[in-house]
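Peer 1: Input structure: start-v4.pdb, which contains PDB, C-alpha atoms and all ligand atoms.
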ATOM      1  CA  MET A   1     -14.859 -27.720  14.013
ATOM      2  CA  MET A   2     -15.962 -25.162  16.607
ATOM      3  CA  SER A   3     -16.114 -21.754  14.899
ATOM      4  CA  THR A   4     -13.914 -19.016  16.310
ATOM      5  CA  THR A   5     -15.590 -15.640  16.789
ATOM      6  CA  LEU A   6     -14.273 -12.125  17.540
ATOM      7  CA  SER A   7     -14.056 -13.145  21.203
ATOM      8  CA  CYS A   8     -10.818 -15.004  20.381
ATOM      9  CA  ILE A   9      -9.152 -11.585  20.156
ATOM     10  CA  ALA A  10      -9.099 -11.532  23.957
ATOM     11  CA  GLN A  11      -6.332 -14.174  23.867
ATOM     12  CA  GLN A  12      -4.179 -12.261  21.351
ATOM     13  CA  GLY A  13      -1.084 -10.513  22.705
ATOM     14  CA  LYS A  14      -1.010  -8.144  25.666
ATOM     15  CA  HIS A  15      -3.766  -5.855  24.369
ATOM     16  CA  GLY A  16      -6.275  -8.475  23.187
ATOM     17  CA  ALA A  17      -8.407  -8.588  26.327
ATOM     18  CA  ALA A  18      -8.791  -4.780  26.463
ATOM     19  CA  MET A  19      -9.391  -4.436  22.727
ATOM     20  CA  MET A  20     -11.940  -7.249  22.333
ATOM     21  CA  PRO A  21     -15.004  -5.191  23.444
ATOM     22  CA  ILE A  22     -14.057  -2.354  21.079
ATOM     23  CA  ILE A  23     -13.533  -4.693  18.115
ATOM     24  CA  GLN A  24     -16.799  -6.433  18.934
ATOM     25  CA  GLY A  25     -18.365  -2.949  18.794
ATOM     26  CA  VAL A  26     -16.830  -2.479  15.344
ATOM     27  CA  GLY A  27     -18.369  -5.828  14.383
ATOM     28  CA  ARG A  28     -21.828  -4.672  15.521
ATOM     29  CA  ALA A  29     -21.463  -1.417  13.582
ATOM     30  CA  ALA A  30     -20.296  -3.369  10.504
ATOM     31  CA  THR A  31     -23.342  -5.635  10.676
ATOM     32  CA  GLU A  32     -25.664  -2.618  10.828
ATOM     33  CA  ILE A  33     -23.854  -0.778   8.031
ATOM     34  CA  ALA A  34     -23.827  -3.885   5.807
ATOM     35  CA  TYR A  35     -27.597  -4.179   6.290
ATOM     36  CA  LEU A  36     -28.019  -0.481   5.455
ATOM     37  CA  LEU A  37     -25.943  -0.855   2.272
ATOM     38  CA  ARG A  38     -27.950  -3.805   0.950
ATOM     39  CA  GLY A  39     -31.215  -1.876   0.941
ATOM     40  CA  ALA A  40     -29.930   1.691   0.617
ATOM     41  CA  VAL A  41     -31.251   2.299  -2.887
ATOM     42  CA  PHE A  42     -34.818   1.477  -1.785
ATOM     43  CA  ARG A  43     -34.670   3.809   1.199
ATOM     44  CA  GLY A  44     -33.304   6.754  -0.728
ATOM     45  CA  ALA A  45     -30.135   6.497   1.405
ATOM     46  CA  LEU A  46     -27.830   6.788  -1.582
ATOM     47  CA  GLY A  47     -27.029  10.142  -3.078
ATOM     48  CA  ALA A  48     -25.751  13.381  -1.623
ATOM     49  CA  ALA A  49     -26.725  14.388   1.888
ATOM     50  CA  GLY A  50     -26.524  18.017   0.830
ATOM     51  CA  GLY A  51     -23.581  18.789   3.086
ATOM     52  CA  GLU A  52     -19.830  18.684   2.675
ATOM     53  CA  ASN A  53     -17.458  16.923   5.032
ATOM     54  CA  VAL A  54     -14.392  18.583   6.471
ATOM     55  CA  GLN A  55     -12.523  17.507   3.344
ATOM     56  CA  GLY A  56     -14.876  19.627   1.233
ATOM     57  CA  GLU A  57     -16.201  16.389  -0.305
ATOM     58  CA  GLN A  58     -19.896  15.794  -1.021
ATOM     59  CA  GLN A  59     -21.277  13.856   1.965
ATOM     60  CA  GLN A  60     -23.426  10.910   0.923
ATOM     61  CA  LYS A  61     -26.472  10.285   3.145
ATOM     62  CA  ILE A  62     -25.075   6.865   3.887
ATOM     63  CA  ASP A  63     -21.744   8.380   5.029
ATOM     64  CA  VAL A  64     -23.621  10.339   7.668
ATOM     65  CA  LEU A  65     -25.703   7.319   8.738
ATOM     66  CA  SER A  66     -22.601   5.093   8.950
ATOM     67  CA  ASP A  67     -20.820   7.696  11.070
ATOM     68  CA  GLU A  68     -23.788   7.836  13.472
ATOM     69  CA  ILE A  69     -23.955   4.033  13.711
ATOM     70  CA  PHE A  70     -20.231   3.748  14.421
ATOM     71  CA  LEU A  71     -20.266   6.446  17.116
ATOM     72  CA  GLU A  72     -23.234   4.759  18.823
ATOM     73  CA  GLU A  73     -21.545   1.354  18.879
ATOM     74  CA  MET A  74     -18.342   2.872  20.287
ATOM     75  CA  ARG A  75     -20.459   4.552  22.985
ATOM     76  CA  SER A  76     -22.104   1.218  23.827
ATOM     77  CA  THR A  77     -18.725  -0.385  24.616
ATOM     78  CA  GLY A  78     -18.203   1.931  27.606
ATOM     79  CA  PHE A  79     -14.439   1.900  26.933
ATOM     80  CA  VAL A  80     -14.186   4.742  24.393
ATOM     81  CA  CYS A  81     -14.051   8.391  25.472
ATOM     82  CA  ALA A  82     -14.007   9.964  22.013
ATOM     83  CA  VAL A  83     -14.053   9.271  18.267
ATOM     84  CA  GLY A  84     -12.182  11.162  15.559
ATOM     85  CA  SER A  85     -14.054  10.655  12.290
ATOM     86  CA  GLU A  86     -13.529  11.617   8.652
ATOM     87  CA  GLU A  87     -17.127  12.819   8.708
ATOM     88  CA  GLN A  88     -16.713  15.192  11.672
ATOM     89  CA  GLU A  89     -14.487  18.291  11.738
ATOM     90  CA  GLU A  90     -14.044  18.075  15.526
ATOM     91  CA  LEU A  91     -13.326  15.218  17.914
ATOM     92  CA  GLN A  92     -16.625  13.621  19.059
ATOM     93  CA  VAL A  93     -16.451  13.280  22.861
ATOM     94  CA  ILE A  94     -18.617  10.512  24.355
ATOM     95  CA  GLU A  95     -19.758  12.504  27.396
ATOM     96  CA  GLU A  96     -20.996   9.616  29.571
ATOM     97  CA  TYR A  97     -17.621   7.905  29.176
ATOM     98  CA  ALA A  98     -15.358  10.976  28.985
ATOM     99  CA  ASP A  99     -13.082   9.314  31.579
ATOM    100  CA  ALA A 100     -12.618   6.118  29.511
ATOM    101  CA  GLU A 101      -9.124   5.067  28.448
ATOM    102  CA  TYR A 102      -9.330   4.747  24.643
ATOM    103  CA  LEU A 103      -9.979   6.882  21.578
ATOM    104  CA  VAL A 104     -10.974   5.518  18.163
ATOM    105  CA  LEU A 105     -10.114   7.059  14.766
ATOM    106  CA  VAL A 106     -12.425   6.056  11.940
ATOM    107  CA  ASP A 107     -13.300   6.481   8.298
ATOM    108  CA  PRO A 108     -16.833   5.145   8.677
ATOM    109  CA  LEU A 109     -17.522   4.500   4.997
ATOM    110  CA  ASP A 110     -14.438   4.810   2.834
ATOM    111  CA  GLY A 111     -14.914   4.730  -0.922
ATOM    112  CA  SER A 112     -18.603   5.612  -0.774
ATOM    113  CA  SER A 113     -18.344   7.241  -4.211
ATOM    114  CA  ASN A 114     -18.321   3.624  -5.481
ATOM    115  CA  LEU A 115     -21.812   2.967  -4.103
ATOM    116  CA  ASP A 116     -23.640   4.243  -7.161
ATOM    117  CA  ILE A 117     -21.929   1.481  -9.183
ATOM    118  CA  ASP A 118     -22.513  -1.091  -6.407
ATOM    119  CA  GLY A 119     -18.750  -1.245  -5.801
ATOM    120  CA  PRO A 120     -17.005  -2.399  -2.596
ATOM    121  CA  VAL A 121     -16.628   0.083   0.288
ATOM    122  CA  GLY A 122     -15.111  -0.147   3.750
ATOM    123  CA  THR A 123     -14.733   1.071   7.305
ATOM    124  CA  ILE A 124     -11.192   1.777   8.562
ATOM    125  CA  PHE A 125     -10.354   2.216  12.258
ATOM    126  CA  SER A 126      -7.537   2.455  14.776
ATOM    127  CA  VAL A 127      -7.431   2.604  18.583
ATOM    128  CA  VAL A 128      -5.054   4.645  20.765
ATOM    129  CA  ARG A 129      -4.766   5.091  24.523
ATOM    130  CA  ARG A 130      -5.490   8.653  25.672
ATOM    131  CA  ILE A 131      -2.575  10.887  26.724
ATOM    132  CA  SER A 132      -4.614  13.433  28.722
ATOM    133  CA  ASP A 133      -5.549  12.831  32.359
ATOM    134  CA  ARG A 134      -8.713  10.720  32.629
ATOM    135  CA  SER A 135     -10.207  13.257  35.036
ATOM    136  CA  GLN A 136     -10.279  15.756  32.127
ATOM    137  CA  ARG A 137     -12.380  15.630  28.949
ATOM    138  CA  PRO A 138     -10.430  14.117  26.023
ATOM    139  CA  VAL A 139      -8.996  16.599  23.529
ATOM    140  CA  GLU A 140      -7.879  16.468  19.882
ATOM    141  CA  SER A 141      -4.205  16.174  20.894
ATOM    142  CA  ASP A 142      -5.069  12.744  22.355
ATOM    143  CA  THR A 143      -5.542  11.559  18.756
ATOM    144  CA  LEU A 144      -2.315  13.084  17.401
ATOM    145  CA  GLN A 145      -0.154  10.013  18.092
ATOM    146  CA  ALA A 146       2.284   8.316  15.711
ATOM    147  CA  GLY A 147       1.310   4.912  14.374
ATOM    148  CA  ARG A 148       3.885   3.255  16.668
ATOM    149  CA  ASN A 149       1.449   4.049  19.525
ATOM    150  CA  VAL A 150      -1.534   2.341  17.902
ATOM    151  CA  ILE A 151      -2.922  -0.476  20.061
ATOM    152  CA  ALA A 152      -5.339  -1.975  17.533
ATOM    153  CA  ALA A 153      -6.379  -1.294  13.943
ATOM    154  CA  GLY A 154      -8.405  -2.878  11.216
ATOM    155  CA  TYR A 155     -10.937  -2.548   8.459
ATOM    156  CA  VAL A 156     -14.311  -3.879   7.397
ATOM    157  CA  LEU A 157     -14.736  -4.745   3.710
ATOM    158  CA  TYR A 158     -18.335  -4.615   2.457
ATOM    159  CA  GLY A 159     -18.008  -6.854  -0.600
ATOM    160  CA  PRO A 160     -19.733 -10.081  -1.691
ATOM    161  CA  ALA A 161     -18.977 -11.083   1.893
ATOM    162  CA  THR A 162     -18.513  -8.730   4.838
ATOM    163  CA  MET A 163     -15.044  -9.183   6.334
ATOM    164  CA  LEU A 164     -13.446  -7.698   9.433
ATOM    165  CA  VAL A 165      -9.629  -7.776   9.301
ATOM    166  CA  CYS A 166      -7.815  -6.555  12.411
ATOM    167  CA  SER A 167      -4.704  -6.671  14.569
ATOM    168  CA  VAL A 168      -4.076  -5.997  18.247
ATOM    169  CA  GLY A 169      -0.314  -6.192  17.698
ATOM    170  CA  ALA A 170      -0.193 -10.005  17.522
ATOM    171  CA  GLY A 171      -0.497 -10.606  13.794
ATOM    172  CA  VAL A 172      -3.378  -9.909  11.401
ATOM    173  CA  HIS A 173      -6.531 -12.017  11.462
ATOM    174  CA  GLY A 174      -9.525 -12.000   9.118
ATOM    175  CA  PHE A 175     -13.098 -12.707  10.187
ATOM    176  CA  THR A 176     -15.998 -13.220   7.771
ATOM    177  CA  TYR A 177     -19.627 -12.513   8.675
ATOM    178  CA  ASN A 178     -21.535 -15.803   8.683
ATOM    179  CA  PRO A 179     -25.241 -15.136   7.942
ATOM    180  CA  ASN A 180     -26.134 -18.575   9.341
ATOM    181  CA  SER A 181     -24.755 -17.820  12.788
ATOM    182  CA  ALA A 182     -25.116 -13.996  12.506
ATOM    183  CA  ARG A 183     -21.555 -13.635  13.789
ATOM    184  CA  PHE A 184     -18.086 -12.845  12.443
ATOM    185  CA  GLU A 185     -16.095 -16.090  12.321
ATOM    186  CA  LEU A 186     -12.350 -16.532  11.876
ATOM    187  CA  SER A 187     -11.729 -17.316   8.198
ATOM    188  CA  HIS A 188      -8.196 -15.972   7.546
ATOM    189  CA  PRO A 189      -5.960 -16.640  10.590
ATOM    190  CA  ASP A 190      -2.499 -15.026  10.657
ATOM    191  CA  MET A 191      -2.593 -13.185   7.315
ATOM    192  CA  ARG A 192       0.918 -12.623   5.888
ATOM    193  CA  MET A 193       1.892 -10.165   3.147
ATOM    194  CA  PRO A 194       3.416 -12.188   0.258
ATOM    195  CA  ALA A 195       7.081 -11.169  -0.217
ATOM    196  CA  SER A 196       6.663 -10.944  -3.993
ATOM    197  CA  GLY A 197       4.081 -11.246  -6.729
ATOM    198  CA  GLY A 198       0.622  -9.733  -6.716
ATOM    199  CA  TYR A 199      -0.302  -6.404  -8.317
ATOM    200  CA  TYR A 200       0.540  -2.736  -8.298
ATOM    201  CA  SER A 201      -2.509  -0.631  -7.425
ATOM    202  CA  VAL A 202      -2.576   3.093  -8.190
ATOM    203  CA  ASN A 203      -4.573   5.679 -10.123
ATOM    204  CA  GLU A 204      -2.087   5.787 -13.011
ATOM    205  CA  ALA A 205      -4.103   8.589 -14.691
ATOM    206  CA  ASN A 206      -2.313  10.956 -12.259
ATOM    207  CA  ALA A 207       1.207   9.794 -13.272
ATOM    208  CA  ASP A 208       2.120  12.981 -15.188
ATOM    209  CA  LYS A 209       1.295  15.043 -12.064
ATOM    210  CA  TRP A 210       3.219  12.924  -9.525
ATOM    211  CA  LEU A 211       5.813  14.705  -7.383
ATOM    212  CA  ASP A 212       9.042  13.537  -5.692
ATOM    213  CA  GLY A 213      10.484  12.083  -8.924
ATOM    214  CA  LEU A 214       8.168   9.108  -8.596
ATOM    215  CA  LYS A 215       7.377   8.531 -12.280
ATOM    216  CA  ASP A 216      10.837   7.214 -13.209
ATOM    217  CA  LYS A 217      10.950   4.961 -10.135
ATOM    218  CA  PHE A 218       7.456   3.678 -10.995
ATOM    219  CA  VAL A 219       8.457   2.743 -14.573
ATOM    220  CA  MET A 220      11.525   0.917 -13.181
ATOM    221  CA  MET A 221       9.383  -0.925 -10.599
ATOM    222  CA  LYS A 222       7.002  -2.164 -13.294
ATOM    223  CA  GLN A 223       9.897  -3.366 -15.476
ATOM    224  CA  ARG A 224      11.735  -5.099 -12.610
ATOM    225  CA  THR A 225       8.727  -6.773 -10.964
ATOM    226  CA  GLY A 226       6.484  -7.481 -13.970
ATOM    227  CA  LEU A 227       3.487  -7.012 -11.660
ATOM    228  CA  GLY A 228      -0.018  -6.869 -13.103
ATOM    229  CA  MET A 229      -2.297  -3.920 -12.255
ATOM    230  CA  ARG A 230      -5.547  -3.823 -10.322
ATOM    231  CA  TYR A 231      -7.260  -0.645  -9.064
ATOM    232  CA  VAL A 232     -10.769  -0.472  -7.576
ATOM    233  CA  GLY A 233     -10.573   3.112  -6.334
ATOM    234  CA  SER A 234     -11.713   1.998  -2.876
ATOM    235  CA  MET A 235      -8.802   1.824  -0.450
ATOM    236  CA  VAL A 236     -10.132  -1.069   1.646
ATOM    237  CA  ALA A 237     -10.740  -3.263  -1.430
ATOM    238  CA  ASP A 238      -7.345  -2.388  -2.928
ATOM    239  CA  MET A 239      -5.542  -2.934   0.377
ATOM    240  CA  HIS A 240      -7.339  -6.232   1.094
ATOM    241  CA  ARG A 241      -6.175  -7.601  -2.267
ATOM    242  CA  THR A 242      -2.639  -6.320  -1.632
ATOM    243  CA  LEU A 243      -2.580  -8.037   1.777
ATOM    244  CA  LEU A 244      -3.767 -11.332   0.297
ATOM    245  CA  LYS A 245      -1.920 -11.370  -3.056
ATOM    246  CA  GLY A 246       1.090  -9.086  -2.481
ATOM    247  CA  GLY A 247       2.341  -6.141  -4.512
ATOM    248  CA  VAL A 248       1.994  -2.453  -3.689
ATOM    249  CA  PHE A 249      -0.823   0.054  -3.200
ATOM    250  CA  LEU A 250       0.167   3.686  -3.513
ATOM    251  CA  TYR A 251      -1.481   7.088  -3.427
ATOM    252  CA  PRO A 252       1.426   9.466  -4.116
ATOM    253  CA  ALA A 253       1.651  13.231  -3.783
ATOM    254  CA  ASP A 254       0.753  15.020  -7.005
ATOM    255  CA  GLU A 255       0.287  18.586  -8.235
ATOM    256  CA  LYS A 256      -3.410  18.461  -7.219
ATOM    257  CA  ASN A 257      -2.788  16.748  -3.851
ATOM    258  CA  PRO A 258       0.711  17.898  -2.774
ATOM    259  CA  ASN A 259       0.423  15.823   0.432
ATOM    260  CA  GLY A 260      -1.409  12.950  -1.227
ATOM    261  CA  LYS A 261      -5.144  12.318  -0.866
ATOM    262  CA  LEU A 262      -5.379   9.769   1.931
ATOM    263  CA  ARG A 263      -5.680  10.790   5.573
ATOM    264  CA  LEU A 264      -2.938   9.897   8.040
ATOM    265  CA  LEU A 265      -4.938   9.145  11.173
ATOM    266  CA  TYR A 266      -7.793   7.026   9.841
ATOM    267  CA  GLU A 267      -6.479   5.627   6.551
ATOM    268  CA  ALA A 268      -2.652   5.541   6.327
ATOM    269  CA  ILE A 269      -1.856   4.637   9.952
ATOM    270  CA  PRO A 270      -4.413   1.817  10.408
ATOM    271  CA  MET A 271      -3.548   0.285   7.029
ATOM    272  CA  GLY A 272       0.177   0.778   7.693
ATOM    273  CA  PHE A 273      -0.157  -0.902  11.100
ATOM    274  CA  LEU A 274      -1.822  -3.936   9.484
ATOM    275  CA  VAL A 275       0.728  -4.137   6.639
ATOM    276  CA  VAL A 276       3.674  -4.072   9.079
ATOM    277  CA  GLN A 277       1.985  -6.615  11.372
ATOM    278  CA  ALA A 278       1.581  -8.884   8.289
ATOM    279  CA  GLY A 279       5.300  -8.571   7.399
ATOM    280  CA  GLY A 280       4.991  -5.895   4.710
ATOM    281  CA  LYS A 281       6.252  -2.302   4.507
ATOM    282  CA  ALA A 282       4.375   0.988   5.040
ATOM    283  CA  MET A 283       6.177   4.075   3.755
ATOM    284  CA  SER A 284       5.358   7.717   3.237
ATOM    285  CA  ARG A 285       7.558  10.653   2.161
ATOM    286  CA  GLY A 286      11.048   9.676   3.398
ATOM    287  CA  GLY A 287      10.133   7.219   6.104
ATOM    288  CA  SER A 288       7.699   4.831   7.729
ATOM    289  CA  VAL A 289       4.043   5.852   7.926
ATOM    290  CA  LEU A 290       4.156   4.719  11.553
ATOM    291  CA  ASP A 291       6.867   7.249  12.472
ATOM    292  CA  ILE A 292       5.005  10.366  11.260
ATOM    293  CA  GLN A 293       4.030  12.699  14.117
ATOM    294  CA  PRO A 294       0.454  13.788  13.273
ATOM    295  CA  GLU A 295      -0.270  17.540  13.313
ATOM    296  CA  GLY A 296      -4.002  17.518  12.657
ATOM    297  CA  LEU A 297      -7.043  15.231  12.728
ATOM    298  CA  HIS A 298      -7.489  15.317   8.929
ATOM    299  CA  GLN A 299      -3.884  15.591   7.769
ATOM    300  CA  ARG A 300      -3.098  13.930   4.430
ATOM    301  CA  VAL A 301       0.084  11.988   3.528
ATOM    302  CA  PRO A 302       1.435  10.095   0.486
ATOM    303  CA  VAL A 303       1.372   6.309   1.064
ATOM    304  CA  TYR A 304       3.235   3.294  -0.345
ATOM    305  CA  LEU A 305       1.954   0.080   1.267
ATOM    306  CA  GLY A 306       2.696  -3.579   0.465
ATOM    307  CA  SER A 307       5.443  -6.120  -0.183
ATOM    308  CA  ALA A 308       8.828  -4.767   0.898
ATOM    309  CA  ASP A 309      10.564  -5.338  -2.460
ATOM    310  CA  ALA A 310       8.034  -3.291  -4.456
ATOM    311  CA  VAL A 311       7.680  -0.563  -1.808
ATOM    312  CA  ASP A 312      11.478  -0.141  -1.616
ATOM    313  CA  MET A 313      11.608   0.588  -5.355
ATOM    314  CA  LEU A 314       9.173   3.511  -4.945
ATOM    315  CA  ALA A 315       9.519   5.144  -1.521
TER     316      ALA A 315
HETATM  317  P1  LIG A 401      -8.990   8.422  -6.740
HETATM  318  C1  LIG A 401     -12.102   6.902  -1.947
HETATM  319  O1  LIG A 401     -12.664   8.162  -2.286
HETATM  320  C2  LIG A 401     -10.672   7.147  -1.497
HETATM  321  O2  LIG A 401     -10.653   7.969  -0.387
HETATM  322  C3  LIG A 401      -9.979   5.824  -1.209
HETATM  323  O3  LIG A 401     -10.845   4.844  -0.753
HETATM  324  C4  LIG A 401      -9.367   5.464  -2.541
HETATM  325  O4  LIG A 401      -8.170   4.705  -2.407
HETATM  326  C5  LIG A 401      -9.075   6.831  -3.175
HETATM  327  O5  LIG A 401      -9.959   7.765  -2.553
HETATM  328  C6  LIG A 401      -9.322   6.833  -4.664
HETATM  329  O6  LIG A 401      -8.977   8.111  -5.135
HETATM  330  O7  LIG A 401      -8.391   9.803  -6.835
HETATM  331  O8  LIG A 401      -8.117   7.370  -7.407
HETATM  332  O9  LIG A 401     -10.428   8.331  -7.157
END
Take the structure in the file and give it back as structure tokens.
Ligand code: P6P

Peer 2:
Amino acid sequence: MMSTTLSCIAQQGKHGAAMMPIIQGVGRAATEIAYLLRGAVFRGALGAAGGENVQGEQQQKIDVLSDEIFLEEMRSTGFVCAVGSEEQEELQVIEEYADAEYLVLVDPLDGSSNLDIDGPVGTIFSVVRRISDRSQRPVESDTLQAGRNVIAAGYVLYGPATMLVCSVGAGVHGFTYNPNSARFELSHPDMRMPASGGYYSVNEANADKWLDGLKDKFVMMKQRTGLGMRYVGSMVADMHRTLLKGGVFLYPADEKNPNGKLRLLYEAIPMGFLVVQAGGKAMSRGGSVLDIQPEGLHQRVPVYLGSADAVDMLA
């Protein structure tokens, strides 16, 4: 059977044709990052880069390299005017394409603290259309759009295989990198969130510090659903399992992180967009993740993502 590559995105929904070049750019960046990861330990690319990112977290050398690779591949599409990245405090304007129509939000290498144990990591991205006039340079407020405005979103999972899972608003489709053809090929068409079953996925060590009365609801959810527990500590790996097997992934607010730990623009919104496109539910404090009006590039929110029945018991 003829393999189906990322180019098939062009036929998906009303945004597919416009989004295909950008998602192909994500695929090129993913291929380069996957190569970097495989040999990182031999090139001294693991370990701290010496700096801190805007979150005050130790930047790993490979975080910085992944961010540079992603920005370069977005530049090479010619359709992206700016990138908002976890690794950069400010919006990164792509000067030669400052009049282009789209902006990309990205966590270039999420979960990189797992690299020293050779654990799975990921890239998370979303695409929005600019609000500002194209004759002007793009500004940070172009990125501050609710998830309902997202045109495309997805993630790359660097695991035993490298997968690119994405949506342009016409369902969720998974592509796996085929080393024989050196291309991403469609392996998981039309991914749907199972309505029940699966696992709950949370750092339960924080339970005594959770806010919003969550602990009692959490105990009730476990009793009523009988779900097993899986937690990798790498959002892309935990969310990929949740999408495939069902259940709920949550990072609640707690005394240490009163707004949760995960970032709205480049973690909660892209993952929430995918979950909703796959028939699941994406909630934050008191409402849908996709209805939150962002106030800052690196804003954090609590998240409850997964099968509707489990999410409804918690959020
Ligand atoms: P904790 C990785 O650092 C990350 O940002 C997400 O990928 C992951 O879901 C979360 O943090 C894990 O956080 O506090 O459980 O180690």

Peer 1: Can you pull out every residue within 8 Å of Leu274 in chain A, counting all atoms listed in the file, but drop anything in the same chain fewer than 5 positions away, and send it as a tab-separated table (two decimals) with C-alpha atoms, in the frame of the given file?

Peer 2:
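Output saved as out_26.tsv:
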chain	number	residue	atom	x	y	z
A	153	ALA	CA	-6.38	-1.29	13.94
A	154	GLY	CA	-8.40	-2.88	11.22
A	166	CYS	CA	-7.82	-6.56	12.41
A	167	SER	CA	-4.70	-6.67	14.57
A	172	VAL	CA	-3.38	-9.91	11.40

Peer 1: Could I get the residue neighbourhood of ligand LIG 401 (chain A) at 9 Å, counting only C-alpha atoms and all ligand atoms, as a list of chain:residue names?

Peer 2: A:Leu109, A:Asp110, A:Gly111, A:Ser112, A:Ser113, A:Asn114, A:Val121, A:Gly122, A:Val202, A:Asn203, A:Glu204, A:Ala205, A:Asn206, A:Tyr231, A:Val232, A:Gly233, A:Ser234, A:Met235, A:Val236, A:Ala237, A:Asp238, A:Met239, A:Phe249, A:Leu250, A:Tyr251, A:Lys261, A:Leu262, A:Arg263, A:Glu267

Peer 1: Report, in Å with one decimal, the straight-line distance from CA of Ala10 in chain A to CA of Ile292 in chain A.

Peer 2: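 Those two atoms sit 29.0 Å apart.
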
Peer 1: I would like the residues chosen by the PyMOL selection byres (((chain A and resi 62-71) around 6) and not hetatm) on the shown file; could you give them as a list in words?

Peer 2: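 Those residues are Ala29, Ala45, Gln60, Lys61, Glu72, Glu73, Met74, Pro108 and Leu109 of chain A.
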
Peer 1: Any idea what's packed within 7 Å of Met163 in chain A, counting all atoms listed in the file, ignoring anything in its chain fewer than 6 positions away? Could you give it as a VMD selection string?

Peer 2: chain A and resid 156 to 157 174 to 177

Peer 1: Given the selection you just returned, output its residues as a file containing C-alpha atoms, formatted as a compact mmCIF listing (two decimals), keeping the file's coordinate frame.

Peer 2:
# COMPACT_ATOMS: atom_id res chain seq x y z
CA VAL A 156 -14.31 -3.88 7.40
CA LEU A 157 -14.74 -4.74 3.71
CA GLY A 174 -9.52 -12.00 9.12
CA PHE A 175 -13.10 -12.71 10.19
CA THR A 176 -16.00 -13.22 7.77
CA TYR A 177 -19.63 -12.51 8.68

Peer 1: Closest to Glu95 in chain A among A:Ser284, A:Thr5, A:Gln59, A:Gln136, using all atoms listed in the file?

Peer 2: A:Gln136

Peer 1: Please compute the CA of Val106 in chain A-CA of Ser85 in chain A distance, one decimal, in Å.

Peer 2: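 Between CA of Val106 in chain A and CA of Ser85 in chain A the gap is 4.9 Å.
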
Peer 1: Could you get me a file of range 275-285 of chain A with N, CA, C and O atoms, as a PDB file, in the first residue's frame, taken from the block above?

Peer 2:
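Listing of result-v4.pdb after writing:
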ATOM      1  N   VAL A 275      -6.791  16.852  22.396  1.00  0.00           N
ATOM      2  CA  VAL A 275      -7.712  16.013  23.187  1.00  0.00           C
ATOM      3  C   VAL A 275      -9.153  16.259  22.727  1.00  0.00           C
ATOM      4  O   VAL A 275      -9.917  15.314  22.494  1.00  0.00           O
ATOM      5  N   VAL A 276      -9.522  17.522  22.554  1.00  0.00           N
ATOM      6  CA  VAL A 276     -10.894  17.854  22.127  1.00  0.00           C
ATOM      7  C   VAL A 276     -11.139  17.359  20.705  1.00  0.00           C
ATOM      8  O   VAL A 276     -12.185  16.771  20.409  1.00  0.00           O
ATOM      9  N   GLN A 277     -10.152  17.514  19.821  1.00  0.00           N
ATOM     10  CA  GLN A 277     -10.293  17.024  18.450  1.00  0.00           C
ATOM     11  C   GLN A 277     -10.467  15.494  18.425  1.00  0.00           C
ATOM     12  O   GLN A 277     -11.091  14.948  17.520  1.00  0.00           O
ATOM     13  N   ALA A 278      -9.907  14.810  19.443  1.00  0.00           N
ATOM     14  CA  ALA A 278      -9.993  13.333  19.499  1.00  0.00           C
ATOM     15  C   ALA A 278     -11.227  12.876  20.275  1.00  0.00           C
ATOM     16  O   ALA A 278     -11.420  11.677  20.498  1.00  0.00           O
ATOM     17  N   GLY A 279     -12.074  13.822  20.717  1.00  0.00           N
ATOM     18  CA  GLY A 279     -13.321  13.462  21.405  1.00  0.00           C
ATOM     19  C   GLY A 279     -13.206  13.405  22.909  1.00  0.00           C
ATOM     20  O   GLY A 279     -14.119  12.932  23.590  1.00  0.00           O
ATOM     21  N   GLY A 280     -12.102  13.903  23.458  1.00  0.00           N
ATOM     22  CA  GLY A 280     -11.920  13.937  24.911  1.00  0.00           C
ATOM     23  C   GLY A 280     -12.274  15.294  25.477  1.00  0.00           C
ATOM     24  O   GLY A 280     -12.944  16.107  24.819  1.00  0.00           O
ATOM     25  N   LYS A 281     -11.819  15.553  26.728  1.00  0.00           N
ATOM     26  CA  LYS A 281     -12.178  16.804  27.412  1.00  0.00           C
ATOM     27  C   LYS A 281     -10.896  17.452  27.949  1.00  0.00           C
ATOM     28  O   LYS A 281      -9.994  16.753  28.408  1.00  0.00           O
ATOM     29  N   ALA A 282     -10.837  18.771  27.881  1.00  0.00           N
ATOM     30  CA  ALA A 282      -9.636  19.524  28.295  1.00  0.00           C
ATOM     31  C   ALA A 282     -10.064  20.640  29.233  1.00  0.00           C
ATOM     32  O   ALA A 282     -10.579  21.654  28.795  1.00  0.00           O
ATOM     33  N   MET A 283      -9.871  20.440  30.525  1.00  0.00           N
ATOM     34  CA  MET A 283     -10.368  21.401  31.515  1.00  0.00           C
ATOM     35  C   MET A 283      -9.233  22.030  32.301  1.00  0.00           C
ATOM     36  O   MET A 283      -8.147  21.458  32.452  1.00  0.00           O
ATOM     37  N   SER A 284      -9.484  23.236  32.766  1.00  0.00           N
ATOM     38  CA  SER A 284      -8.579  23.888  33.711  1.00  0.00           C
ATOM     39  C   SER A 284      -9.467  24.368  34.873  1.00  0.00           C
ATOM     40  O   SER A 284     -10.600  23.921  35.027  1.00  0.00           O
ATOM     41  N   ARG A 285      -8.998  25.338  35.630  1.00  0.00           N
ATOM     42  CA  ARG A 285      -9.762  25.816  36.794  1.00  0.00           C
ATOM     43  C   ARG A 285     -11.096  26.399  36.319  1.00  0.00           C
ATOM     44  O   ARG A 285     -11.118  27.423  35.644  1.00  0.00           O
TER      45      ARG A 285
END
